[in-house]
Amino acid sequence: MKAPGRWLTGLVVLAIACAATAAEPLSSWNDGAAKQGIVTFVNAVTQKGGKDFVPEAERIAVFDNDGTLWSEQPIYVQFAFMFDQLRAAAPKHPEWQSNPAFKALVAQDKKALAEIGQKPVLELLATANSGMTVGEYDQSIRNWLKSARHPQLKRGYTELVYLPMQELLTYLRANGFKTFIVSGGSVEFMRPWAEQAYGIPPEQVIGSQQDVKFEMRDGKPVLTRAPKIAFVDDGPGKPVGIYRQLGRRPIAAFGNSDGDLQMLQVTAAGVGRRLLLLVHHDDAEREFAYDRQSHVGKLDKAWDEAKAGNWIVVSMKSDWKKVFAFQK
């Protein structure tokens, strides 16, 4: 499938989600405690004069991306992109052959990547693409997405967004919420496609960041990528990133793993009614099933806290009629 078709598919799905929301909120969700909890919360915070009413300016909802809005197995999509980028750059960097992060990426060793963490892997990519202008890097992501396909699901990655979560984003915006992505992935990787996939514009994407500097090239001002990671927006970094960019505490937070725990904790600690939700991957037939033992998207401590705090835990298998728009 050619890239324009994929982008068109994303826009069509968003349009369908908008129409479905107008007719029936969350139409791809089965009736149950999860759907009812979302609707009850939204009704409560949007009811003028009600005890839980929240002004529109304060209706902030934050969403993790990997595993919450689109598929993250068998490795994060950005890691798949990085592998291709690093493989192309490897001949210029023989020193990488002894780098544990490079070895783990080449082998697609999920356990090793989980143990190494995001920062060393992102630092490798920072070295590989340093000197590129931000426009050149943006285009490299768009070019990669034209042909890259998921190894098991055999679909372009931008087709692997969760239809129920697209509907949830649309439903929240229809009720005066401003929606943000807050991801451990790099902000530069997500911005080129997030608006088409989710209706979330570039300025509402919070993520890990590589250093960027201003310089003149051939008499023209450009921004170029420096070989250094400026900020890792994962785990405890997520609420920090939210504070730095928004200056407001969210009233709703959505995640799927322990990497989202601190974001949900800080959201829960605010005054007034809050919505905390975890997506549980328990559908091996339509997507993947994993939680406490997974090396990608591990859901362990956050699951325990969700149970203790009475957060909503969504069962992909039971709560969603569809996972992806292309499924019957």
# chains A, B, ... in the order shown; residues from 1 in each chain; ligands from 1
>>> select_by_dssp(residues="region 38-72 of chain A", states="strand (DSSP E)", output="PyMOL selection string")
chain A and resi 60-63
>>> residues_around(residues="Pro250 (chain A)", least_positions_apart="3", cutoff="8 Å", atoms="only C-alpha atoms", output="PDB file with N, CA and C atoms, in the first residue's frame")
ATOM      1  N   GLU A  58      -9.224  23.698  31.831  1.00  0.00           N
ATOM      2  CA  GLU A  58      -8.564  22.745  32.718  1.00  0.00           C
ATOM      3  C   GLU A  58      -8.832  21.295  32.324  1.00  0.00           C
ATOM      4  N   ARG A  59      -9.566  21.090  31.245  1.00  0.00           N
ATOM      5  CA  ARG A  59      -9.863  19.722  30.803  1.00  0.00           C
ATOM      6  C   ARG A  59      -8.705  19.205  29.941  1.00  0.00           C
ATOM      7  N   ILE A  60      -7.685  18.762  30.620  1.00  0.00           N
ATOM      8  CA  ILE A  60      -6.475  18.265  29.965  1.00  0.00           C
ATOM      9  C   ILE A  60      -6.423  16.754  30.097  1.00  0.00           C
ATOM     10  N   ALA A  61      -6.266  16.068  28.968  1.00  0.00           N
ATOM     11  CA  ALA A  61      -6.142  14.611  28.957  1.00  0.00           C
ATOM     12  C   ALA A  61      -4.831  14.225  28.289  1.00  0.00           C
ATOM     13  N   VAL A  62      -4.063  13.363  28.936  1.00  0.00           N
ATOM     14  CA  VAL A  62      -2.750  12.957  28.410  1.00  0.00           C
ATOM     15  C   VAL A  62      -2.750  11.462  28.119  1.00  0.00           C
ATOM     16  N   ALA A 253      -5.678  10.677  32.514  1.00  0.00           N
ATOM     17  CA  ALA A 253      -4.420  10.122  32.004  1.00  0.00           C
ATOM     18  C   ALA A 253      -4.644   8.674  31.583  1.00  0.00           C
ATOM     19  N   THR A 267      -1.339  12.687  38.012  1.00  0.00           N
ATOM     20  CA  THR A 267      -2.701  13.070  37.624  1.00  0.00           C
ATOM     21  C   THR A 267      -3.678  12.746  38.745  1.00  0.00           C
TER      22      THR A 267
END
>>> residues_around(residues="Met190 (chain A)", least_positions_apart="5", cutoff="10 Å", atoms="only C-alpha atoms", output="PDB file with all heavy atoms, in the first residue's frame")
ATOM      1  N   ASN A  65       1.643   6.835  24.078  1.00  0.00           N
ATOM      2  CA  ASN A  65       1.452   6.436  22.690  1.00  0.00           C
ATOM      3  C   ASN A  65       1.635   4.932  22.495  1.00  0.00           C
ATOM      4  O   ASN A  65       0.701   4.211  22.167  1.00  0.00           O
ATOM      5  CB  ASN A  65       2.416   7.204  21.777  1.00  0.00           C
ATOM      6  CG  ASN A  65       2.219   6.864  20.322  1.00  0.00           C
ATOM      7  OD1 ASN A  65       1.103   6.859  19.819  1.00  0.00           O
ATOM      8  ND2 ASN A  65       3.301   6.546  19.620  1.00  0.00           N
ATOM      9  N   GLN A  78       9.394   2.995  16.988  1.00  0.00           N
ATOM     10  CA  GLN A  78      10.552   3.854  16.797  1.00  0.00           C
ATOM     11  C   GLN A  78      11.844   3.047  16.817  1.00  0.00           C
ATOM     12  O   GLN A  78      12.800   3.388  16.105  1.00  0.00           O
ATOM     13  CB  GLN A  78      10.614   4.963  17.842  1.00  0.00           C
ATOM     14  CG  GLN A  78      11.767   5.933  17.552  1.00  0.00           C
ATOM     15  CD  GLN A  78      11.752   7.181  18.403  1.00  0.00           C
ATOM     16  OE1 GLN A  78      10.835   7.403  19.179  1.00  0.00           O
ATOM     17  NE2 GLN A  78      12.772   8.001  18.264  1.00  0.00           N
ATOM     18  N   ASP A 138      12.535  14.945   9.608  1.00  0.00           N
ATOM     19  CA  ASP A 138      11.090  14.789   9.467  1.00  0.00           C
ATOM     20  C   ASP A 138      10.767  13.989   8.199  1.00  0.00           C
ATOM     21  O   ASP A 138       9.962  13.049   8.211  1.00  0.00           O
ATOM     22  CB  ASP A 138      10.421  16.161   9.428  1.00  0.00           C
ATOM     23  CG  ASP A 138       8.914  16.088   9.271  1.00  0.00           C
ATOM     24  OD1 ASP A 138       8.442  15.863   8.132  1.00  0.00           O
ATOM     25  OD2 ASP A 138       8.197  16.275  10.271  1.00  0.00           O
ATOM     26  N   ILE A 141      11.517  10.216   8.352  1.00  0.00           N
ATOM     27  CA  ILE A 141      10.476   9.447   9.052  1.00  0.00           C
ATOM     28  C   ILE A 141       9.308   9.178   8.110  1.00  0.00           C
ATOM     29  O   ILE A 141       8.803   8.060   8.005  1.00  0.00           O
ATOM     30  CB  ILE A 141       9.998  10.203  10.303  1.00  0.00           C
ATOM     31  CG1 ILE A 141      11.149  10.328  11.308  1.00  0.00           C
ATOM     32  CG2 ILE A 141       8.802   9.500  10.943  1.00  0.00           C
ATOM     33  CD1 ILE A 141      10.921  11.358  12.382  1.00  0.00           C
ATOM     34  N   ILE A 181      -0.345  13.793  23.562  1.00  0.00           N
ATOM     35  CA  ILE A 181       0.467  12.581  23.639  1.00  0.00           C
ATOM     36  C   ILE A 181       1.639  12.859  24.576  1.00  0.00           C
ATOM     37  O   ILE A 181       2.278  13.906  24.484  1.00  0.00           O
ATOM     38  CB  ILE A 181       1.002  12.179  22.257  1.00  0.00           C
ATOM     39  CG1 ILE A 181      -0.129  11.677  21.359  1.00  0.00           C
ATOM     40  CG2 ILE A 181       2.074  11.091  22.383  1.00  0.00           C
ATOM     41  CD1 ILE A 181       0.305  11.377  19.942  1.00  0.00           C
ATOM     42  N   SER A 183       4.890  10.622  25.543  1.00  0.00           N
ATOM     43  CA  SER A 183       5.514   9.341  25.194  1.00  0.00           C
ATOM     44  C   SER A 183       7.004   9.321  25.474  1.00  0.00           C
ATOM     45  O   SER A 183       7.681  10.351  25.410  1.00  0.00           O
ATOM     46  CB  SER A 183       5.277   9.062  23.700  1.00  0.00           C
ATOM     47  OG  SER A 183       5.966   7.912  23.281  1.00  0.00           O
ATOM     48  N   GLY A 185       8.879   7.834  23.435  1.00  0.00           N
ATOM     49  CA  GLY A 185       9.421   8.009  22.094  1.00  0.00           C
ATOM     50  C   GLY A 185       9.781   9.458  21.843  1.00  0.00           C
ATOM     51  O   GLY A 185       9.332  10.363  22.563  1.00  0.00           O
ATOM     52  N   GLU A 195      -1.031  13.865  13.872  1.00  0.00           N
ATOM     53  CA  GLU A 195      -2.267  14.587  13.579  1.00  0.00           C
ATOM     54  C   GLU A 195      -3.173  13.778  12.657  1.00  0.00           C
ATOM     55  O   GLU A 195      -4.389  13.717  12.859  1.00  0.00           O
ATOM     56  CB  GLU A 195      -1.962  15.956  12.970  1.00  0.00           C
ATOM     57  CG  GLU A 195      -3.184  16.844  12.859  1.00  0.00           C
ATOM     58  CD  GLU A 195      -2.842  18.313  12.695  1.00  0.00           C
ATOM     59  OE1 GLU A 195      -1.698  18.631  12.311  1.00  0.00           O
ATOM     60  OE2 GLU A 195      -3.721  19.153  12.959  1.00  0.00           O
ATOM     61  N   PRO A 202       1.089  18.772  16.145  1.00  0.00           N
ATOM     62  CA  PRO A 202       2.472  18.654  16.629  1.00  0.00           C
ATOM     63  C   PRO A 202       2.730  19.348  17.960  1.00  0.00           C
ATOM     64  O   PRO A 202       3.509  18.835  18.782  1.00  0.00           O
ATOM     65  CB  PRO A 202       3.289  19.301  15.503  1.00  0.00           C
ATOM     66  CG  PRO A 202       2.457  19.137  14.284  1.00  0.00           C
ATOM     67  CD  PRO A 202       1.036  19.253  14.748  1.00  0.00           C
ATOM     68  N   VAL A 205       2.243  17.281  21.262  1.00  0.00           N
ATOM     69  CA  VAL A 205       3.004  16.044  21.432  1.00  0.00           C
ATOM     70  C   VAL A 205       4.177  16.319  22.365  1.00  0.00           C
ATOM     71  O   VAL A 205       4.999  17.192  22.116  1.00  0.00           O
ATOM     72  CB  VAL A 205       3.521  15.520  20.082  1.00  0.00           C
ATOM     73  CG1 VAL A 205       4.382  14.278  20.296  1.00  0.00           C
ATOM     74  CG2 VAL A 205       2.359  15.203  19.147  1.00  0.00           C
ATOM     75  N   ILE A 206       4.243  15.568  23.453  1.00  0.00           N
ATOM     76  CA  ILE A 206       5.328  15.669  24.426  1.00  0.00           C
ATOM     77  C   ILE A 206       6.107  14.360  24.376  1.00  0.00           C
ATOM     78  O   ILE A 206       5.520  13.284  24.468  1.00  0.00           O
ATOM     79  CB  ILE A 206       4.774  15.907  25.846  1.00  0.00           C
ATOM     80  CG1 ILE A 206       3.916  17.180  25.891  1.00  0.00           C
ATOM     81  CG2 ILE A 206       5.914  15.993  26.865  1.00  0.00           C
ATOM     82  CD1 ILE A 206       3.158  17.358  27.199  1.00  0.00           C
ATOM     83  N   GLY A 207       7.421  14.446  24.216  1.00  0.00           N
ATOM     84  CA  GLY A 207       8.227  13.233  24.122  1.00  0.00           C
ATOM     85  C   GLY A 207       9.679  13.490  24.439  1.00  0.00           C
ATOM     86  O   GLY A 207      10.072  14.603  24.797  1.00  0.00           O
TER      87      GLY A 207
END
>>> residues_around(residues="region 92-99 of chain A", least_positions_apart="4", cutoff="9 Å", atoms="only C-alpha atoms", output="number ranges by chain")
A: 88, 103-104, 124, 128
>>> write_last_selection(atoms="N, CA, C and O atoms", output="short mmCIF file (atom, residue, chain, number, x, y, z; two decimals), in the first residue's frame")
data_model
loop_
_atom_site.label_atom_id
_atom_site.label_comp_id
_atom_site.auth_asym_id
_atom_site.auth_seq_id
_atom_site.Cartn_x
_atom_site.Cartn_y
_atom_site.Cartn_z
N ALA A 88 22.02 1.75 8.29
CA ALA A 88 22.52 2.56 7.18
C ALA A 88 23.76 3.36 7.57
O ALA A 88 24.66 3.57 6.77
N LYS A 103 24.17 -3.63 19.59
CA LYS A 103 24.06 -5.08 19.48
C LYS A 103 22.63 -5.55 19.75
O LYS A 103 22.11 -6.43 19.06
N ALA A 104 22.00 -4.95 20.77
CA ALA A 104 20.63 -5.34 21.12
C ALA A 104 19.65 -4.98 20.01
O ALA A 104 18.73 -5.74 19.71
N LEU A 124 22.35 6.60 20.49
CA LEU A 124 22.89 6.05 19.25
C LEU A 124 22.28 6.74 18.03
O LEU A 124 22.98 7.13 17.10
N ALA A 128 23.75 9.05 14.94
CA ALA A 128 23.54 8.67 13.53
C ALA A 128 22.98 9.81 12.70
O ALA A 128 23.34 9.97 11.53
#
>>> closest_residue(among="A:Val240, A:Val323, A:Val266, A:Ala308", to="Thr68 (chain A)", atoms="only C-alpha atoms")
A:Val323
>>> residues_around(residues="Ala269 (chain A)", least_positions_apart="4", cutoff="12 Å", atoms="only C-alpha atoms", output="MDAnalysis selection string")
chainID A and resid 239 249:253 262:265 273:276 309
>>> select_by_dssp(residues="region 11-185 of chain A", states="alpha helix (DSSP H)", output="JSON, numbers by chain")
{"A": [11, 12, 13, 14, 15, 16, 17, 18, 19, 20, 21, 22, 23, 33, 34, 35, 36, 37, 38, 39, 40, 41, 42, 43, 44, 45, 46, 77, 78, 79, 80, 81, 82, 83, 84, 85, 86, 87, 88, 89, 100, 101, 102, 103, 104, 105, 106, 107, 110, 111, 112, 113, 114, 115, 116, 118, 119, 120, 121, 122, 123, 124, 125, 126, 127, 128, 129, 134, 135, 136, 137, 138, 139, 140, 141, 142, 143, 144, 145, 146, 147, 163, 164, 165, 166, 167, 168, 169, 170, 171, 172, 173, 174]}
>>> closest_residue(among="A:Leu160, A:Ala174, A:Ala226, A:Val296", to="Met132 (chain A)", atoms="only C-alpha atoms")
A:Ala226
>>> atom_distance(atom1="CA of Gly32 (chain A)", atom2="CA of Phe326 (chain A)")
23.4 Å
>>> closest_residue(among="A:Leu261, A:Leu169, A:Val39, A:Val279", to="Gly235 (chain A)", atoms="only C-alpha atoms")
A:Leu261
>>> residues_around(residues="Pro120 (chain A)", least_positions_apart="4", cutoff="9 Å", atoms="only C-alpha atoms", output="VMD selection string")
chain A and resid 100 to 101 116 124 to 125
>>> write_last_selection(atoms="N, CA, C and O atoms", output="CSV table (one decimal), in the first residue's frame")
chain,number,residue,atom,x,y,z
A,100,PRO,N,26.6,-2.1,23.5
A,100,PRO,CA,25.5,-3.0,23.9
A,100,PRO,C,24.2,-2.6,23.3
A,100,PRO,O,23.4,-3.5,22.9
A,101,ALA,N,23.9,-1.3,23.2
A,101,ALA,CA,22.6,-0.9,22.6
A,101,ALA,C,22.5,-1.2,21.2
A,101,ALA,O,21.5,-1.6,20.7
A,116,ILE,N,18.7,-2.2,29.0
A,116,ILE,CA,19.5,-1.0,28.6
A,116,ILE,C,18.8,0.3,28.9
A,116,ILE,O,19.3,1.3,29.3
A,124,LEU,N,22.3,6.6,20.5
A,124,LEU,CA,22.9,6.1,19.2
A,124,LEU,C,22.3,6.7,18.0
A,124,LEU,O,23.0,7.1,17.1
A,125,LEU,N,21.0,6.9,18.1
A,125,LEU,CA,20.3,7.5,16.9
A,125,LEU,C,20.7,9.0,16.8
A,125,LEU,O,20.8,9.5,15.7
>>> atom_distance(atom1="CA of Pro74 (chain A)", atom2="CA of Leu163 (chain A)")
19.8 Å
>>> closest_residue(among="A:Asp84, A:Glu123, A:Asp291, A:Glu72", to="Pro227 (chain A)", atoms="only C-alpha atoms")
A:Glu123
